[in-house]
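Colleague: Handing you this structure, nothing more for now.
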Amino acid sequence: MRINRTKTAALFVDLQERLIPAVYDGGAIVNRNVTLLQGLKILSIPAVFLRQYPKGLGDIVPELRAAAGDYMPHDKLAYSAMKDEAIAAEFERLRADGIENIIVTGVESHVCVLQSCIDLAEAGFRPVLVVDCVGSRNPFDKEIALRRAEQENVLLTTAEAILFELCVVAGTDEFKAISKLVK
């Protein structure tokens with residue numbers, strides 16, 4: 001099934017200042033998330049940003065904050081986004097606007113990202129996990145999280161693949177802008 005951009009939003013999970021340095025290949029993951037976010041903004045895809053226990057783990061990394069522009073992150077203590085009432089209410093508002101697909105990215109793959117995907121699916125959304133934009137401290141944890149996600153019927157993709165799928169056709173101004181981002 002195709003991911004239709006008018007029915008899609010994004011979820012950026014816990015890409016935080018004190019967590020990213022501990023994540024395997026964290027710098028590259030941040031860079032790919034910035035590229036993904038810039039492309040989603042070109043396509044006018046709404047995004048939700050989460051912070052796990054910001055007092056201990058800090059704010060969203062500066063690169064992503066800069067790419068996001070005006071953003072209001074949701075703070076949480078629960079691992080899954082859907083286990084927090086305010087965040088779940090945000091997704092219900094998105095559903096009321098016709099959103100069915102949630103592009104999911106962030107850290108850690110095997111904890112907050114995976115649990116959010118499972119609970120989004122249970123709530124009736126279609127989670128689309130961007131595998132090159134997620135990470136864990138241990139690469140093996142990420143590998144197992146991706147396997148589990150597939151078992152839970154979460155769709156797997158890459159940043160470039162989802163951006164071009166949302167574009168649908170080449171030759172548009174959006175396509176040209178996104179092509180420059182991914183090169």
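Ligands are numbered from 1 in the order shown, residues from 1 within each chain, and chains are lettered A, B, ... in the order they appear in the structure tokens.
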As a short mmCIF file (atom, residue, chain, number, x, y, z; two decimals) with N, CA, C and O atoms, in the first residue's frame, please: all residues of chain A that backbone DSSP puts in strand (DSSP E or B).
Modeller:
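Saved file selection.cif follows:
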```cif
data_model
loop_
_atom_site.label_atom_id
_atom_site.label_comp_id
_atom_site.auth_asym_id
_atom_site.auth_seq_id
_atom_site.Cartn_x
_atom_site.Cartn_y
_atom_site.Cartn_z
N THR A 8 -0.76 11.61 6.29
CA THR A 8 0.47 11.24 6.97
C THR A 8 0.98 12.35 7.88
O THR A 8 0.93 13.53 7.54
N ALA A 9 1.49 11.93 9.04
CA ALA A 9 2.19 12.81 9.98
C ALA A 9 3.46 12.09 10.40
O ALA A 9 3.67 10.92 10.07
N ALA A 10 4.32 12.79 11.13
CA ALA A 10 5.58 12.20 11.57
C ALA A 10 5.74 12.31 13.08
O ALA A 10 5.20 13.23 13.71
N LEU A 11 6.48 11.36 13.63
CA LEU A 11 6.78 11.34 15.06
C LEU A 11 8.28 11.20 15.24
O LEU A 11 8.88 10.21 14.79
N PHE A 12 8.91 12.18 15.86
CA PHE A 12 10.35 12.17 16.16
C PHE A 12 10.51 11.88 17.65
O PHE A 12 10.11 12.68 18.49
N VAL A 13 11.08 10.72 17.96
CA VAL A 13 11.12 10.21 19.33
C VAL A 13 12.49 10.42 19.97
O VAL A 13 13.49 9.83 19.53
N GLN A 16 17.59 13.42 21.75
CA GLN A 16 17.95 14.38 22.79
C GLN A 16 19.46 14.49 23.02
O GLN A 16 20.22 13.55 22.79
N ALA A 47 4.48 17.29 12.12
CA ALA A 47 5.40 16.49 12.92
C ALA A 47 5.16 16.73 14.41
O ALA A 47 4.86 17.84 14.84
N VAL A 48 5.34 15.65 15.16
CA VAL A 48 5.26 15.68 16.62
C VAL A 48 6.64 15.32 17.15
O VAL A 48 7.27 14.36 16.66
N PHE A 49 7.13 16.06 18.13
CA PHE A 49 8.45 15.83 18.72
C PHE A 49 8.29 15.43 20.18
O PHE A 49 7.54 16.07 20.91
N LEU A 50 9.01 14.39 20.59
CA LEU A 50 8.95 13.91 21.96
C LEU A 50 10.29 14.05 22.65
O LEU A 50 11.34 13.93 22.02
N ARG A 51 10.21 14.28 23.97
CA ARG A 51 11.40 14.28 24.81
C ARG A 51 11.12 13.37 26.01
O ARG A 51 10.14 13.57 26.72
N GLN A 52 12.00 12.41 26.22
CA GLN A 52 11.91 11.52 27.38
C GLN A 52 12.67 12.17 28.54
O GLN A 52 13.87 12.44 28.41
N ILE A 60 15.82 18.40 22.73
CA ILE A 60 16.05 17.86 21.39
C ILE A 60 17.40 18.40 20.90
O ILE A 60 17.75 19.55 21.19
N HIS A 74 6.63 17.45 23.17
CA HIS A 74 5.86 16.86 24.27
C HIS A 74 6.84 16.11 25.17
O HIS A 74 7.62 15.29 24.70
N ASP A 75 6.79 16.40 26.45
CA ASP A 75 7.62 15.70 27.42
C ASP A 75 6.87 14.47 27.90
O ASP A 75 5.65 14.49 28.04
N LYS A 76 7.63 13.40 28.15
CA LYS A 76 7.00 12.16 28.59
C LYS A 76 7.90 11.41 29.55
O LYS A 76 9.11 11.62 29.59
N ASN A 101 -1.35 7.48 8.67
CA ASN A 101 0.03 6.98 8.66
C ASN A 101 0.89 7.84 9.56
O ASN A 101 0.82 9.07 9.48
N ILE A 102 1.73 7.19 10.36
CA ILE A 102 2.66 7.94 11.21
C ILE A 102 4.08 7.47 10.88
O ILE A 102 4.44 6.32 11.11
N ILE A 103 4.85 8.38 10.30
CA ILE A 103 6.27 8.12 10.05
C ILE A 103 6.98 8.25 11.39
O ILE A 103 6.87 9.27 12.06
N VAL A 104 7.69 7.19 11.79
CA VAL A 104 8.31 7.16 13.12
C VAL A 104 9.82 7.08 12.99
O VAL A 104 10.35 6.30 12.21
N THR A 105 10.49 7.88 13.80
CA THR A 105 11.94 7.93 13.82
C THR A 105 12.41 8.26 15.23
O THR A 105 11.63 8.72 16.05
N GLY A 106 13.68 8.01 15.51
CA GLY A 106 14.23 8.40 16.81
C GLY A 106 15.01 7.31 17.51
O GLY A 106 15.48 6.36 16.91
N VAL A 107 15.12 7.48 18.82
CA VAL A 107 15.89 6.56 19.66
C VAL A 107 15.12 6.29 20.95
O VAL A 107 14.24 7.07 21.32
N ARG A 126 -1.17 3.48 11.05
CA ARG A 126 -0.21 2.65 10.31
C ARG A 126 1.17 3.25 10.57
O ARG A 126 1.55 4.24 9.96
N PRO A 127 1.96 2.65 11.47
CA PRO A 127 3.31 3.17 11.70
C PRO A 127 4.25 2.81 10.55
O PRO A 127 4.23 1.69 10.05
N VAL A 128 5.05 3.79 10.14
CA VAL A 128 6.02 3.62 9.07
C VAL A 128 7.38 3.97 9.68
O VAL A 128 7.69 5.13 9.92
N LEU A 129 8.16 2.95 9.98
CA LEU A 129 9.42 3.12 10.70
C LEU A 129 10.56 3.38 9.72
O LEU A 129 10.82 2.58 8.82
N VAL A 130 11.25 4.51 9.89
CA VAL A 130 12.33 4.91 9.00
C VAL A 130 13.63 4.34 9.57
O VAL A 130 14.24 4.92 10.47
N VAL A 131 14.07 3.21 9.02
CA VAL A 131 15.14 2.43 9.64
C VAL A 131 16.50 3.12 9.66
O VAL A 131 17.30 2.86 10.56
N ASP A 132 16.77 4.01 8.73
CA ASP A 132 18.05 4.71 8.76
C ASP A 132 18.00 5.97 9.61
O ASP A 132 18.98 6.70 9.72
N CYS A 133 16.87 6.21 10.25
CA CYS A 133 16.71 7.36 11.15
C CYS A 133 16.40 6.94 12.58
O CYS A 133 15.92 7.73 13.38
N VAL A 134 16.65 5.67 12.88
CA VAL A 134 16.47 5.18 14.25
C VAL A 134 17.76 4.55 14.72
O VAL A 134 18.58 4.12 13.91
N GLY A 135 17.94 4.50 16.03
CA GLY A 135 19.15 3.91 16.57
C GLY A 135 18.99 3.48 18.01
O GLY A 135 18.02 3.83 18.68
N LEU A 155 5.44 -0.99 8.98
CA LEU A 155 6.10 -0.87 7.69
C LEU A 155 7.50 -0.30 7.88
O LEU A 155 7.68 0.65 8.66
N LEU A 156 8.48 -0.86 7.19
CA LEU A 156 9.85 -0.38 7.26
C LEU A 156 10.21 0.33 5.97
O LEU A 156 9.84 -0.12 4.88
N THR A 157 10.96 1.43 6.09
CA THR A 157 11.38 2.20 4.93
C THR A 157 12.66 2.94 5.26
O THR A 157 13.21 2.79 6.36
#
```
Colleague: If you count only C-alpha atoms, which residues fall within 8 Å of stretch 172-178 of chain A, apart from same-chain ones fewer than 5 positions away, as a VMD selection string?
Modeller: chain A and resid 39 42 to 43 163 to 164 167
Colleague: Using all heavy atoms, can you write the selected residues to a file as an mmCIF file, in the first residue's frame?
Modeller:
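Dumped everything to selection-v8.cif:
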```cif
data_model
loop_
_atom_site.group_PDB
_atom_site.id
_atom_site.type_symbol
_atom_site.label_atom_id
_atom_site.label_comp_id
_atom_site.auth_asym_id
_atom_site.auth_seq_id
_atom_site.Cartn_x
_atom_site.Cartn_y
_atom_site.Cartn_z
ATOM 1 N N GLY A 39 12.698 17.511 4.403
ATOM 2 C CA GLY A 39 11.856 17.022 3.316
ATOM 3 C C GLY A 39 10.390 16.997 3.697
ATOM 4 O O GLY A 39 9.521 17.383 2.892
ATOM 5 N N ILE A 42 8.987 20.444 3.449
ATOM 6 C CA ILE A 42 8.726 20.818 2.053
ATOM 7 C C ILE A 42 7.365 20.271 1.620
ATOM 8 O O ILE A 42 6.616 20.925 0.894
ATOM 9 C CB ILE A 42 9.846 20.293 1.134
ATOM 10 C CG1 ILE A 42 11.141 21.074 1.384
ATOM 11 C CG2 ILE A 42 9.446 20.350 -0.340
ATOM 12 C CD1 ILE A 42 12.386 20.446 0.785
ATOM 13 N N LEU A 43 7.035 19.073 2.092
ATOM 14 C CA LEU A 43 5.782 18.407 1.727
ATOM 15 C C LEU A 43 4.611 18.765 2.647
ATOM 16 O O LEU A 43 3.521 18.220 2.505
ATOM 17 C CB LEU A 43 5.992 16.893 1.725
ATOM 18 C CG LEU A 43 6.999 16.394 0.690
ATOM 19 C CD1 LEU A 43 7.395 14.958 0.983
ATOM 20 C CD2 LEU A 43 6.443 16.545 -0.717
ATOM 21 N N LEU A 163 10.441 9.870 1.408
ATOM 22 C CA LEU A 163 10.294 11.214 0.843
ATOM 23 C C LEU A 163 9.870 11.152 -0.626
ATOM 24 O O LEU A 163 8.973 11.886 -1.049
ATOM 25 C CB LEU A 163 11.592 12.006 1.002
ATOM 26 C CG LEU A 163 11.909 12.449 2.428
ATOM 27 C CD1 LEU A 163 13.311 13.060 2.500
ATOM 28 C CD2 LEU A 163 10.863 13.431 2.944
ATOM 29 N N PHE A 164 10.480 10.268 -1.402
ATOM 30 C CA PHE A 164 10.091 10.163 -2.808
ATOM 31 C C PHE A 164 8.720 9.513 -2.971
ATOM 32 O O PHE A 164 7.971 9.862 -3.888
ATOM 33 C CB PHE A 164 11.158 9.434 -3.623
ATOM 34 C CG PHE A 164 12.367 10.290 -3.880
ATOM 35 C CD1 PHE A 164 13.638 9.843 -3.561
ATOM 36 C CD2 PHE A 164 12.246 11.554 -4.449
ATOM 37 C CE1 PHE A 164 14.762 10.630 -3.796
ATOM 38 C CE2 PHE A 164 13.351 12.354 -4.682
ATOM 39 C CZ PHE A 164 14.607 11.897 -4.359
ATOM 40 N N CYS A 167 6.336 12.235 -2.544
ATOM 41 C CA CYS A 167 6.352 13.144 -3.702
ATOM 42 C C CYS A 167 5.451 12.639 -4.827
ATOM 43 O O CYS A 167 4.867 13.436 -5.561
ATOM 44 C CB CYS A 167 7.762 13.287 -4.252
ATOM 45 S SG CYS A 167 8.790 14.449 -3.386
#
```
Colleague: In stretch 54-172 of chain A, what's helix (DSSP H, G or I) per DSSP? Answer as a PyMOL selection string?
Modeller: chain A and resi 54-57+62-68+81-83+85-96+109-122+139-151+159-167
Colleague: Please dump the current selection as a tab-separated table (two decimals), in the first residue's frame; keep C-alpha atoms.
Modeller:
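File written: out36.tsv
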```tsv
chain	number	residue	atom	x	y	z
A	54	PRO	CA	14.22	16.19	29.59
A	55	LYS	CA	15.54	17.06	33.06
A	56	GLY	CA	17.91	14.11	32.76
A	57	LEU	CA	18.28	13.67	28.98
A	62	PRO	CA	20.18	21.56	18.35
A	63	GLU	CA	20.38	20.47	14.69
A	64	LEU	CA	16.86	19.06	14.78
A	65	ARG	CA	15.52	22.03	16.77
A	66	ALA	CA	16.93	24.37	14.13
A	67	ALA	CA	15.37	22.33	11.29
A	68	ALA	CA	12.03	22.19	13.12
A	81	ALA	CA	4.07	7.95	23.06
A	82	MET	CA	0.57	6.50	23.31
A	83	LYS	CA	0.87	5.83	27.05
A	85	GLU	CA	-2.56	11.12	27.69
A	86	ALA	CA	-1.52	14.48	26.20
A	87	ILE	CA	0.45	12.85	23.39
A	88	ALA	CA	-2.32	10.33	22.68
A	89	ALA	CA	-4.75	13.27	22.51
A	90	GLU	CA	-2.46	14.95	19.96
A	91	PHE	CA	-2.66	11.84	17.78
A	92	GLU	CA	-6.44	11.80	18.12
A	93	ARG	CA	-6.47	15.41	16.84
A	94	LEU	CA	-4.35	14.28	13.90
A	95	ARG	CA	-6.75	11.39	13.26
A	96	ALA	CA	-9.64	13.89	13.20
A	109	SER	CA	14.85	1.65	18.60
A	110	HIS	CA	14.18	-1.18	21.02
A	111	VAL	CA	12.46	0.88	23.72
A	112	CYS	CA	10.53	4.10	23.05
A	113	VAL	CA	10.48	3.80	19.26
A	114	LEU	CA	9.31	0.18	19.15
A	115	GLN	CA	6.76	0.58	21.94
A	116	SER	CA	5.35	3.71	20.28
A	117	CYS	CA	5.03	1.85	16.95
A	118	ILE	CA	3.24	-1.08	18.57
A	119	ASP	CA	0.82	1.19	20.41
A	120	LEU	CA	0.20	3.42	17.37
A	121	ALA	CA	-0.76	0.30	15.41
A	122	GLU	CA	-2.99	-0.87	18.22
A	139	PRO	CA	23.37	-2.18	17.16
A	140	PHE	CA	22.03	-5.65	18.05
A	141	ASP	CA	19.16	-4.04	19.98
A	142	LYS	CA	18.26	-2.07	16.85
A	143	GLU	CA	18.38	-5.22	14.71
A	144	ILE	CA	16.04	-7.07	17.05
A	145	ALA	CA	13.73	-4.03	17.31
A	146	LEU	CA	13.40	-3.96	13.50
A	147	ARG	CA	12.57	-7.65	13.44
A	148	ARG	CA	9.97	-7.20	16.16
A	149	ALA	CA	8.51	-4.19	14.36
A	150	GLU	CA	8.04	-6.29	11.21
A	151	GLN	CA	6.34	-8.99	13.28
A	159	ALA	CA	14.30	8.41	4.64
A	160	GLU	CA	14.93	8.76	0.91
A	161	ALA	CA	12.35	6.12	0.01
A	162	ILE	CA	9.55	7.69	2.06
A	163	LEU	CA	10.29	11.21	0.84
A	164	PHE	CA	10.09	10.16	-2.81
A	165	GLU	CA	7.01	8.03	-2.14
A	166	LEU	CA	5.30	11.07	-0.65
A	167	CYS	CA	6.35	13.14	-3.70
```
Colleague: Just the number, please: distance in Å from atom CA of A:Gly98 to atom CA of A:Lys7, one decimal.
Modeller: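 That distance, rounded to one decimal, is 5.6 Å.
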Colleague: Could you please determine the separation between atom CA of A:Leu15 and atom CA of A:Asp59 in Å, to one decimal place?
Modeller: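 Computing the Euclidean distance for atom CA of A:Leu15 and atom CA of A:Asp59 yields 8.2 Å.
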Colleague: Rounded to one decimal place, report the atom CA of A:Tyr71-atom CA of A:Gly58 distance in Å.
Modeller: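 Atom CA of A:Gly58 lies at a distance of 15.6 Å from atom CA of A:Tyr71.
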